[in-house]
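**Student:** Sharing query-v5.cif below, mmCIF, C-alpha atoms, pLDDT in the B column; chains and numbers go by the auth columns:
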data_run
#
loop_
_atom_site.group_PDB
_atom_site.id
_atom_site.type_symbol
_atom_site.label_atom_id
_atom_site.label_comp_id
_atom_site.label_asym_id
_atom_site.label_seq_id
_atom_site.Cartn_x
_atom_site.Cartn_y
_atom_site.Cartn_z
_atom_site.B_iso_or_equiv
_atom_site.auth_seq_id
_atom_site.auth_asym_id
ATOM 1 C CA MET A 1 -9.917 26.016 8.176 87.00 1 A
ATOM 2 C CA ALA A 2 -8.569 25.457 4.642 91.00 2 A
ATOM 3 C CA PRO A 3 -4.917 25.042 5.742 93.00 3 A
ATOM 4 C CA ILE A 4 -5.908 22.319 8.203 94.00 4 A
ATOM 5 C CA ILE A 5 -7.897 20.436 5.566 94.00 5 A
ATOM 6 C CA ASN A 6 -5.012 20.761 3.106 96.00 6 A
ATOM 7 C CA LEU A 7 -2.566 19.447 5.734 97.00 7 A
ATOM 8 C CA VAL A 8 -4.772 16.468 6.575 96.00 8 A
ATOM 9 C CA PHE A 9 -5.105 15.508 2.918 97.00 9 A
ATOM 10 C CA PHE A 10 -1.368 15.996 2.366 98.00 10 A
ATOM 11 C CA ILE A 11 -0.656 13.581 5.218 98.00 11 A
ATOM 12 C CA LEU A 12 -3.240 11.076 3.920 97.00 12 A
ATOM 13 C CA ASN A 13 -1.701 11.224 0.453 97.00 13 A
ATOM 14 C CA ALA A 14 1.805 10.739 1.881 98.00 14 A
ATOM 15 C CA LEU A 15 0.680 7.741 3.956 98.00 15 A
ATOM 16 C CA LEU A 16 -0.981 6.152 0.940 98.00 16 A
ATOM 17 C CA SER A 17 2.213 6.691 -1.058 98.00 17 A
ATOM 18 C CA LEU A 18 4.254 5.014 1.681 98.00 18 A
ATOM 19 C CA LEU A 19 1.827 2.090 1.710 98.00 19 A
ATOM 20 C CA TRP A 20 2.121 1.861 -2.086 98.00 20 A
ATOM 21 C CA TRP A 21 5.913 1.597 -1.830 98.00 21 A
ATOM 22 C CA ALA A 22 5.697 -0.900 1.045 98.00 22 A
ATOM 23 C CA ILE A 23 3.524 -3.190 -1.101 98.00 23 A
ATOM 24 C CA ILE A 24 5.960 -2.906 -4.021 97.00 24 A
ATOM 25 C CA ILE A 25 8.964 -3.707 -1.806 97.00 25 A
ATOM 26 C CA THR A 26 7.120 -6.618 -0.165 96.00 26 A
ATOM 27 C CA ALA A 27 6.316 -8.114 -3.573 94.00 27 A
ATOM 28 C CA VAL A 28 9.910 -7.754 -4.772 95.00 28 A
ATOM 29 C CA LEU A 29 11.238 -9.274 -1.541 94.00 29 A
ATOM 30 C CA SER A 30 8.883 -12.243 -1.896 91.00 30 A
ATOM 31 C CA TRP A 31 10.263 -12.897 -5.379 91.00 31 A
ATOM 32 C CA LEU A 32 13.833 -12.580 -4.127 93.00 32 A
ATOM 33 C CA PHE A 33 13.073 -15.055 -1.321 92.00 33 A
ATOM 34 C CA ALA A 34 11.395 -17.460 -3.754 88.00 34 A
ATOM 35 C CA PHE A 35 14.447 -17.536 -6.043 91.00 35 A
ATOM 36 C CA ASN A 36 16.942 -17.683 -3.135 90.00 36 A
ATOM 37 C CA VAL A 37 18.565 -14.394 -4.068 93.00 37 A
ATOM 38 C CA ILE A 38 18.198 -13.127 -0.510 93.00 38 A
ATOM 39 C CA ASN A 39 18.498 -15.299 2.565 90.00 39 A
ATOM 40 C CA ARG A 40 15.675 -14.821 5.066 89.00 40 A
ATOM 41 C CA HIS A 41 17.978 -16.074 7.855 92.00 41 A
ATOM 42 C CA ASN A 42 19.933 -12.806 7.704 93.00 42 A
ATOM 43 C CA GLN A 43 18.701 -10.827 10.730 95.00 43 A
ATOM 44 C CA ALA A 44 18.464 -7.460 8.949 95.00 44 A
ATOM 45 C CA VAL A 45 16.573 -8.931 6.004 94.00 45 A
ATOM 46 C CA TYR A 46 14.289 -10.826 8.366 95.00 46 A
ATOM 47 C CA ASN A 47 13.487 -7.671 10.358 96.00 47 A
ATOM 48 C CA ILE A 48 12.742 -5.645 7.219 96.00 48 A
ATOM 49 C CA ALA A 49 10.562 -8.389 5.736 96.00 49 A
ATOM 50 C CA THR A 50 8.684 -8.876 9.016 96.00 50 A
ATOM 51 C CA PHE A 51 8.030 -5.139 9.357 97.00 51 A
ATOM 52 C CA LEU A 52 6.785 -4.860 5.781 97.00 52 A
ATOM 53 C CA ASP A 53 4.576 -7.932 6.193 96.00 53 A
ATOM 54 C CA ARG A 54 3.011 -6.446 9.315 97.00 54 A
ATOM 55 C CA VAL A 55 2.331 -3.187 7.496 97.00 55 A
ATOM 56 C CA THR A 56 0.941 -4.664 4.270 97.00 56 A
ATOM 57 C CA ASP A 57 -0.856 -7.814 5.443 96.00 57 A
ATOM 58 C CA PRO A 58 -3.864 -6.020 6.981 97.00 58 A
ATOM 59 C CA VAL A 59 -4.458 -4.345 3.608 97.00 59 A
ATOM 60 C CA LEU A 60 -3.710 -7.349 1.406 96.00 60 A
ATOM 61 C CA ALA A 61 -5.392 -10.099 3.478 96.00 61 A
ATOM 62 C CA PRO A 62 -9.025 -9.252 2.564 96.00 62 A
ATOM 63 C CA PHE A 63 -8.129 -9.178 -1.117 95.00 63 A
ATOM 64 C CA ARG A 64 -6.213 -12.473 -0.866 93.00 64 A
ATOM 65 C CA ARG A 65 -9.359 -14.118 0.519 94.00 65 A
ATOM 66 C CA ILE A 66 -11.466 -12.839 -2.383 94.00 66 A
ATOM 67 C CA ILE A 67 -9.082 -13.027 -5.354 91.00 67 A
ATOM 68 C CA PRO A 68 -7.798 -16.503 -6.255 88.00 68 A
ATOM 69 C CA SER A 69 -4.153 -16.914 -7.184 84.00 69 A
ATOM 70 C CA LEU A 70 -3.466 -17.457 -10.854 85.00 70 A
ATOM 71 C CA GLY A 71 -1.150 -20.413 -11.249 84.00 71 A
ATOM 72 C CA GLY A 72 0.465 -19.772 -7.881 80.00 72 A
ATOM 73 C CA VAL A 73 0.880 -16.057 -8.573 86.00 73 A
ATOM 74 C CA ASP A 74 -0.782 -13.725 -6.075 89.00 74 A
ATOM 75 C CA ILE A 75 -2.302 -10.795 -7.973 93.00 75 A
ATOM 76 C CA SER A 76 -3.864 -9.145 -4.923 94.00 76 A
ATOM 77 C CA PRO A 77 -0.969 -6.636 -4.594 95.00 77 A
ATOM 78 C CA ILE A 78 -1.633 -5.458 -8.155 95.00 78 A
ATOM 79 C CA ILE A 79 -5.322 -4.928 -7.395 96.00 79 A
ATOM 80 C CA VAL A 80 -4.526 -3.074 -4.163 97.00 80 A
ATOM 81 C CA LEU A 81 -1.974 -0.874 -5.950 98.00 81 A
ATOM 82 C CA LEU A 82 -4.553 0.037 -8.586 98.00 82 A
ATOM 83 C CA LEU A 83 -7.121 0.866 -5.897 97.00 83 A
ATOM 84 C CA LEU A 84 -4.602 2.981 -3.989 97.00 84 A
ATOM 85 C CA GLN A 85 -3.748 4.927 -7.141 97.00 85 A
ATOM 86 C CA GLY A 86 -7.435 5.475 -7.882 97.00 86 A
ATOM 87 C CA LEU A 87 -7.980 6.657 -4.328 97.00 87 A
ATOM 88 C CA GLN A 88 -5.075 9.100 -4.565 97.00 88 A
ATOM 89 C CA ILE A 89 -5.886 10.430 -8.030 97.00 89 A
ATOM 90 C CA TYR A 90 -9.697 10.613 -7.966 98.00 90 A
ATOM 91 C CA ILE A 91 -11.249 10.186 -4.516 97.00 91 A
ATOM 92 C CA LEU A 92 -8.975 12.239 -2.253 97.00 92 A
ATOM 93 C CA PRO A 93 -8.873 15.387 -4.440 97.00 93 A
ATOM 94 C CA ALA A 94 -12.652 15.278 -4.928 97.00 94 A
ATOM 95 C CA LEU A 95 -13.213 14.827 -1.203 97.00 95 A
ATOM 96 C CA GLN A 96 -10.756 17.614 -0.424 97.00 96 A
ATOM 97 C CA GLY A 97 -12.472 19.984 -2.836 96.00 97 A
ATOM 98 C CA THR A 98 -15.883 19.140 -1.421 96.00 98 A
ATOM 99 C CA LEU A 99 -14.736 19.739 2.148 95.00 99 A
ATOM 100 C CA LEU A 100 -13.103 23.025 1.180 94.00 100 A
ATOM 101 C CA ASN A 101 -16.327 24.172 -0.520 95.00 101 A
ATOM 102 C CA ILE A 102 -18.506 23.137 2.424 94.00 102 A
ATOM 103 C CA LEU A 103 -16.298 24.501 5.185 89.00 103 A
ATOM 104 C CA GLY A 104 -14.913 27.398 3.147 72.00 104 A
#
Just dump the structure as structure tokens.
**Tutor:**
Amino acid sequence: MAPIINLVFFILNALLSLLWWAIIITAVLSWLFAFNVINRHNQAVYNIATFLDRVTDPVLAPFRRIIPSLGGVDISPIIVLLLLQGLQIYILPALQGTLLNILG
């Protein structure tokens, strides 16, 4: 049973890492769009930005409703990134250890 639990937590950790990078890339792209460094009318850029928005918006939207923007700057990605790191560093290993002890 331990290998299955380890595999599940490995996959969860990898998915959280991918989400972390998707949020980072989305934030950087939004800055590049705001300063007209990248043109959103380019089809490849549009497809990448749309995909990343669809992946990150369900996670960021609840935090955007709660956390006000500071002078037009959205800090919800920073809060979500901190929570994701806390989840990966503290919660997942503790939960994995507990499950391994219970199920042996």
**Student:** Quick one: pull the distance between CA of Asn6 in chain A and CA of Val59 in chain A, Å, one decimal.
**Tutor:** 25.1 Å
**Student:** Mind giving me the straight-line distance from CA of Val45 in chain A to CA of Ala22 in chain A in Å, one decimal?
**Tutor:**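 CA of Val45 in chain A sits 14.4 Å away from CA of Ala22 in chain A.
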**Student:** Restricting the calculation to all atoms listed in the file: of A:Ala61, A:Leu12, A:Ile38, A:Leu18, which residue gets closest to Gln88 in chain A?
**Tutor:**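 Nearest to Gln88 in chain A: A:Leu12.
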**Student:** Got a sec to check which residues sit within 12 Å of (-7.7, 11.7, -3.1), counting only C-alpha atoms, and write them as an NGL selection string?
**Tutor:** :A and (6 or 8-17 or 83-99)
**Student:** Mind pulling up the distance from CA of Met1 in chain A to CA of Leu103 in chain A?
**Tutor:**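 That distance, rounded to one decimal, is 7.2 Å.
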**Student:** Using all atoms listed in the file, which of the listed residues (A:Ile79, A:Leu7, A:Ile25, A:Ile102) sits closest to Phe51 in chain A?
**Tutor:**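 Ranked by minimum distance to Phe51 in chain A, first place goes to A:Ile25.
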**Student:** Write out as a list in words the residues lying within 12 Å of range 65-68 of chain A, counting only C-alpha atoms and excluding same-chain residues fewer than 5 positions away.
**Tutor:** Asp57, Pro58, Val59, Leu60, Val73, Asp74, Ile75, Ser76, Pro77, Ile78, Ile79 and Val80 of chain A
**Student:** Find the residue from A:Gly104, A:Ile48, A:Gln43, A:Ala34 that sits nearest to Gly72 in chain A; use all atoms listed in the file when measuring.
**Tutor:**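 Selected residue with least distance to Gly72 in chain A: A:Ala34.
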**Student:** Compare A:Asn42, A:Asn36, A:Thr26, A:Ser69 by their minimum atom-to-atom distance to Arg54 in chain A, counting all atoms listed in the file, and give me the closest one.
**Tutor:** A:Thr26
**Student:** Using all atoms listed in the file, which of A:Ala27, A:Pro3, A:Leu82, A:Asn101 sits nearest Asp53 in chain A?
**Tutor:**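 Looking only at the distances to Asp53 in chain A, the closest residue turns out to be A:Ala27.
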**Student:** Mind filling out range 16-39 of chain A with N, CA and C atoms and sending it as a PDB file, keeping the file's coordinate frame?
**Tutor:**
ATOM      1  N   LEU A  16      -0.605   7.072   2.011  1.00 98.00           N
ATOM      2  CA  LEU A  16      -0.981   6.152   0.940  1.00 98.00           C
ATOM      3  C   LEU A  16       0.198   5.885   0.009  1.00 98.00           C
ATOM      4  N   SER A  17       1.016   6.894  -0.236  1.00 98.00           N
ATOM      5  CA  SER A  17       2.213   6.691  -1.058  1.00 98.00           C
ATOM      6  C   SER A  17       3.204   5.754  -0.367  1.00 98.00           C
ATOM      7  N   LEU A  18       3.371   5.915   0.942  1.00 98.00           N
ATOM      8  CA  LEU A  18       4.254   5.014   1.681  1.00 98.00           C
ATOM      9  C   LEU A  18       3.730   3.581   1.658  1.00 98.00           C
ATOM     10  N   LEU A  19       2.426   3.425   1.791  1.00 98.00           N
ATOM     11  CA  LEU A  19       1.827   2.090   1.710  1.00 98.00           C
ATOM     12  C   LEU A  19       2.038   1.497   0.327  1.00 98.00           C
ATOM     13  N   TRP A  20       1.910   2.319  -0.710  1.00 98.00           N
ATOM     14  CA  TRP A  20       2.121   1.861  -2.086  1.00 98.00           C
ATOM     15  C   TRP A  20       3.540   1.306  -2.236  1.00 98.00           C
ATOM     16  N   TRP A  21       4.524   2.054  -1.736  1.00 98.00           N
ATOM     17  CA  TRP A  21       5.913   1.597  -1.830  1.00 98.00           C
ATOM     18  C   TRP A  21       6.160   0.362  -0.969  1.00 98.00           C
ATOM     19  N   ALA A  22       5.534   0.277   0.190  1.00 98.00           N
ATOM     20  CA  ALA A  22       5.697  -0.900   1.045  1.00 98.00           C
ATOM     21  C   ALA A  22       5.178  -2.154   0.354  1.00 98.00           C
ATOM     22  N   ILE A  23       4.064  -2.039  -0.365  1.00 98.00           N
ATOM     23  CA  ILE A  23       3.524  -3.190  -1.101  1.00 98.00           C
ATOM     24  C   ILE A  23       4.460  -3.586  -2.232  1.00 98.00           C
ATOM     25  N   ILE A  24       5.005  -2.614  -2.943  1.00 97.00           N
ATOM     26  CA  ILE A  24       5.960  -2.906  -4.021  1.00 97.00           C
ATOM     27  C   ILE A  24       7.186  -3.635  -3.467  1.00 97.00           C
ATOM     28  N   ILE A  25       7.758  -3.111  -2.385  1.00 97.00           N
ATOM     29  CA  ILE A  25       8.964  -3.707  -1.806  1.00 97.00           C
ATOM     30  C   ILE A  25       8.674  -5.103  -1.262  1.00 97.00           C
ATOM     31  N   THR A  26       7.500  -5.295  -0.664  1.00 96.00           N
ATOM     32  CA  THR A  26       7.120  -6.618  -0.165  1.00 96.00           C
ATOM     33  C   THR A  26       7.020  -7.622  -1.310  1.00 96.00           C
ATOM     34  N   ALA A  27       6.437  -7.213  -2.421  1.00 94.00           N
ATOM     35  CA  ALA A  27       6.316  -8.114  -3.573  1.00 94.00           C
ATOM     36  C   ALA A  27       7.693  -8.471  -4.130  1.00 94.00           C
ATOM     37  N   VAL A  28       8.561  -7.486  -4.251  1.00 95.00           N
ATOM     38  CA  VAL A  28       9.910  -7.754  -4.772  1.00 95.00           C
ATOM     39  C   VAL A  28      10.672  -8.668  -3.816  1.00 95.00           C
ATOM     40  N   LEU A  29      10.564  -8.404  -2.510  1.00 94.00           N
ATOM     41  CA  LEU A  29      11.238  -9.274  -1.541  1.00 94.00           C
ATOM     42  C   LEU A  29      10.720 -10.704  -1.609  1.00 94.00           C
ATOM     43  N   SER A  30       9.421 -10.877  -1.810  1.00 91.00           N
ATOM     44  CA  SER A  30       8.883 -12.243  -1.896  1.00 91.00           C
ATOM     45  C   SER A  30       9.448 -12.976  -3.102  1.00 91.00           C
ATOM     46  N   TRP A  31       9.648 -12.263  -4.210  1.00 91.00           N
ATOM     47  CA  TRP A  31      10.263 -12.897  -5.379  1.00 91.00           C
ATOM     48  C   TRP A  31      11.722 -13.231  -5.110  1.00 91.00           C
ATOM     49  N   LEU A  32      12.428 -12.324  -4.440  1.00 93.00           N
ATOM     50  CA  LEU A  32      13.833 -12.580  -4.127  1.00 93.00           C
ATOM     51  C   LEU A  32      13.981 -13.747  -3.160  1.00 93.00           C
ATOM     52  N   PHE A  33      13.052 -13.898  -2.217  1.00 92.00           N
ATOM     53  CA  PHE A  33      13.073 -15.055  -1.321  1.00 92.00           C
ATOM     54  C   PHE A  33      12.765 -16.330  -2.093  1.00 92.00           C
ATOM     55  N   ALA A  34      11.806 -16.267  -3.000  1.00 88.00           N
ATOM     56  CA  ALA A  34      11.395 -17.460  -3.754  1.00 88.00           C
ATOM     57  C   ALA A  34      12.526 -17.995  -4.625  1.00 88.00           C
ATOM     58  N   PHE A  35      13.355 -17.112  -5.171  1.00 91.00           N
ATOM     59  CA  PHE A  35      14.447 -17.536  -6.043  1.00 91.00           C
ATOM     60  C   PHE A  35      15.784 -17.613  -5.308  1.00 91.00           C
ATOM     61  N   ASN A  36      15.752 -17.573  -3.989  1.00 90.00           N
ATOM     62  CA  ASN A  36      16.942 -17.683  -3.135  1.00 90.00           C
ATOM     63  C   ASN A  36      18.021 -16.664  -3.464  1.00 90.00           C
ATOM     64  N   VAL A  37      17.612 -15.473  -3.836  1.00 93.00           N
ATOM     65  CA  VAL A  37      18.565 -14.394  -4.068  1.00 93.00           C
ATOM     66  C   VAL A  37      18.950 -13.767  -2.735  1.00 93.00           C
ATOM     67  N   ILE A  38      17.976 -13.671  -1.853  1.00 93.00           N
ATOM     68  CA  ILE A  38      18.198 -13.127  -0.510  1.00 93.00           C
ATOM     69  C   ILE A  38      17.874 -14.217   0.495  1.00 93.00           C
ATOM     70  N   ASN A  39      18.701 -14.305   1.520  1.00 90.00           N
ATOM     71  CA  ASN A  39      18.498 -15.299   2.565  1.00 90.00           C
ATOM     72  C   ASN A  39      17.676 -14.693   3.694  1.00 90.00           C
TER      73      ASN A  39
END
